[in-house]
Amino acid sequence: MIDINNFNIVEPNYDCDICKDKGFVECSKEEADFEEEREEFDKSKDIWKSLGFKTYYYKHCKCQLELQFKYKLERAGLGNILHKITTTKYERKYDWQEKYYQHAKSFITSKDKGLILSGQTGSGKTLLLSQMLYNFAVKGYEIMYFDWRRSYEDNLVDRYNVINNDLLDEMLNIDVLYIDDLLKTRNNDMGDLYDRRQEIETAWKIIDQRSVSPDKKTMISTELFEHDFLQLDESLHGRLIELVGTTDNWLQMNPKEDRNIRVKKAKGEF
């Protein structure tokens with residue numbers, strides 16, 4: 001026989017204590033995302049009497065908004081680095097780190113169309129600009145992260161060098177585009193780039209259209225410097241200059257100074 005005096009009721013274990021995993025909560029009409037009209041009944045004194053219809057208002061719970069935002073970021077291409085950019089602080093130990101951080105931060109609210117960051121591998125370019133891209137998403141912009149080194153051959157062109165026009169159109173029209181490692185080469189071998197004409201022309205097409213779109217923002221990180229682009233393709237260089245509007249928006253790290261923070265951390269020098 002069950003001893004009812006020692007019987008413990010197990011409370012449901014909800015992932016979200018706010019909405020009890022329903023995904024929505026009741027709210028005022030002004031806040032509502034959707035509404036429901038249902039008939040009300042008087043159940044007092046065993047009387048089952050209709051009181052007419054009443055409208056209830058609901059909004060999506062915070063837990064659902066967070067899921068939607070996470071999905072948006074993953075769809076934008078940030079899935080693989082999302083954990084890093086939301087848990088890793090962009091450290092500003094050196095003056096140049098503070099300068100680039102403040103400039104990138106101001107780009108979010110400025111009317112400038114383009115921002116380019118040139119510098120060596122390991123210097124924190126991707127972390128900084130990815131965090132800026134995340135902030136654009138928080139503000140409601142549609143965003144895209146495009147890792148040029150990995151995604152150009154994997155997604156933008158097939159093995160027959162046929163362009164994926166759907167992806168290209170998305171890159172041309174997205175609110176905020178971040179191209180990471182544009183025209184990445186092995187050991188910065190410029191000779192390797194001269195043979196990649198289709199890749200250069202594709203980059204030119206993307207930059208060309210976005211440079212004349214006043215409502216689009218574009219961020220680019222690259223290990224190539226302005227003089228490298230000028231040497232590689234004068235037309236592409238010109239479009240990049242048009243994109244940033246002013247050379248103040250083309251941040252170029254000192255190539256003679258070791259700014260590989262990854263290596264410095266491994267050596268205990270940072």
# chains A, B, ... in the order shown; residues from 1 in each chain; ligands from 1
call {"tool": "select_by_dssp", "arguments": {"residues": "range 30-263 of chain A", "states": "strand (DSSP E)", "output": "NGL selection string"}}
result
:A and (34-42 or 49-60 or 114-118 or 143-147 or 176-180 or 217-222 or 250-252)
call {"tool": "residues_around", "arguments": {"residues": "range 78-93 of chain A", "least_positions_apart": "4", "cutoff": "10 Å", "atoms": "only C-alpha atoms", "output": "ChimeraX atom specification"}}
result
/A:70-74,97-101,124-134,143-147,261,270
call {"tool": "closest_residue", "arguments": {"among": "A:Thr55, A:Asn249, A:Gln68, A:Thr185", "to": "Ser110 in chain A", "atoms": "only C-alpha atoms"}}
result
A:Asn249
call {"tool": "closest_residue", "arguments": {"among": "A:Arg186, A:Val138, A:Leu251, A:Glu31", "to": "Trp96 in chain A", "atoms": "only C-alpha atoms"}}
result
A:Leu251
call {"tool": "select_by_dssp", "arguments": {"residues": "range 7-180 of chain A", "states": "helix (DSSP H, G or I)", "output": "MDAnalysis selection string"}}
result
chainID A and resid 29:31 44:46 62:87 95:109 125:138 148:156 165:173
call {"tool": "residues_around", "arguments": {"residues": "range 60-65 of chain A", "least_positions_apart": "4", "cutoff": "9 Å", "atoms": "only C-alpha atoms", "output": "VMD selection string"}}
result
chain A and resid 15 to 16 18 to 19 21 to 26 32 to 34 69 to 70
call {"tool": "closest_residue", "arguments": {"among": "A:Asn254, A:Ser44, A:Ser235, A:Thr222", "to": "Lys205 in chain A", "atoms": "only C-alpha atoms"}}
result
A:Ser235
call {"tool": "atom_distance", "arguments": {"atom1": "CA of Ile206 in chain A", "atom2": "CA of Gln120 in chain A"}}
result
23.5 Å
call {"tool": "closest_residue", "arguments": {"among": "A:Arg197, A:Arg210, A:Lys184, A:Lys111", "to": "Glu170 in chain A", "atoms": "only C-alpha atoms"}}
result
A:Arg210
call {"tool": "closest_residue", "arguments": {"among": "A:Ile207, A:Thr202, A:Asp195, A:Thr218", "to": "Leu177 in chain A", "atoms": "only C-alpha atoms"}}
result
A:Thr218
call {"tool": "residues_around", "arguments": {"residues": "Ile116 in chain A", "least_positions_apart": "5", "cutoff": "12 Å", "atoms": "only C-alpha atoms", "output": "number ranges by chain"}}
result
A: 100, 103-104, 107, 125-126, 128-129, 177-182, 207, 217-226, 237, 240-253
call {"tool": "closest_residue", "arguments": {"among": "A:Leu183, A:Ala137, A:Leu236, A:Val162", "to": "Ala76 in chain A", "atoms": "only C-alpha atoms"}}
result
A:Ala137
call {"tool": "atom_distance", "arguments": {"atom1": "CA of Leu232 in chain A", "atom2": "CA of Tyr194 in chain A"}}
result
6.9 Å
call {"tool": "atom_distance", "arguments": {"atom1": "CA of Asp158 in chain A", "atom2": "CA of Met190 in chain A"}}
result
23.6 Å
call {"tool": "residues_around", "arguments": {"residues": "Glu142 in chain A", "least_positions_apart": "6", "cutoff": "8 Å", "atoms": "only C-alpha atoms", "output": "list in words"}}
result
Phe136, Ile174, Asp175 and Val176 of chain A
call {"tool": "decode", "arguments": {"residues": "range 66-92 of chain A", "atoms": "C-alpha atoms", "output": "mmCIF file, in the first residue's frame"}}
result
data_model
loop_
_atom_site.group_PDB
_atom_site.id
_atom_site.type_symbol
_atom_site.label_atom_id
_atom_site.label_comp_id
_atom_site.auth_asym_id
_atom_site.auth_seq_id
_atom_site.Cartn_x
_atom_site.Cartn_y
_atom_site.Cartn_z
ATOM 1 C CA GLU A 66 17.260 33.160 -28.667
ATOM 2 C CA LEU A 67 16.787 29.982 -30.712
ATOM 3 C CA GLN A 68 15.725 32.001 -33.739
ATOM 4 C CA PHE A 69 18.729 34.286 -33.355
ATOM 5 C CA LYS A 70 21.087 31.325 -33.052
ATOM 6 C CA TYR A 71 19.587 29.770 -36.182
ATOM 7 C CA LYS A 72 20.012 33.094 -37.998
ATOM 8 C CA LEU A 73 23.709 33.178 -37.067
ATOM 9 C CA GLU A 74 24.269 29.577 -38.099
ATOM 10 C CA ARG A 75 22.515 30.141 -41.404
ATOM 11 C CA ALA A 76 24.697 33.212 -41.915
ATOM 12 C CA GLY A 77 27.785 30.989 -41.817
ATOM 13 C CA LEU A 78 28.947 31.694 -38.267
ATOM 14 C CA GLY A 79 28.111 28.234 -36.937
ATOM 15 C CA ASN A 80 31.694 26.950 -36.787
ATOM 16 C CA ILE A 81 33.052 30.017 -34.973
ATOM 17 C CA LEU A 82 29.942 31.103 -33.075
ATOM 18 C CA HIS A 83 31.155 29.722 -29.747
ATOM 19 C CA LYS A 84 34.516 31.457 -30.128
ATOM 20 C CA ILE A 85 33.172 34.893 -30.980
ATOM 21 C CA THR A 86 30.628 34.833 -28.131
ATOM 22 C CA THR A 87 33.028 33.575 -25.451
ATOM 23 C CA THR A 88 36.409 35.015 -26.481
ATOM 24 C CA LYS A 89 37.254 38.620 -25.733
ATOM 25 C CA TYR A 90 39.153 40.624 -28.333
ATOM 26 C CA GLU A 91 42.075 41.666 -26.161
ATOM 27 C CA ARG A 92 43.452 45.183 -26.538
#
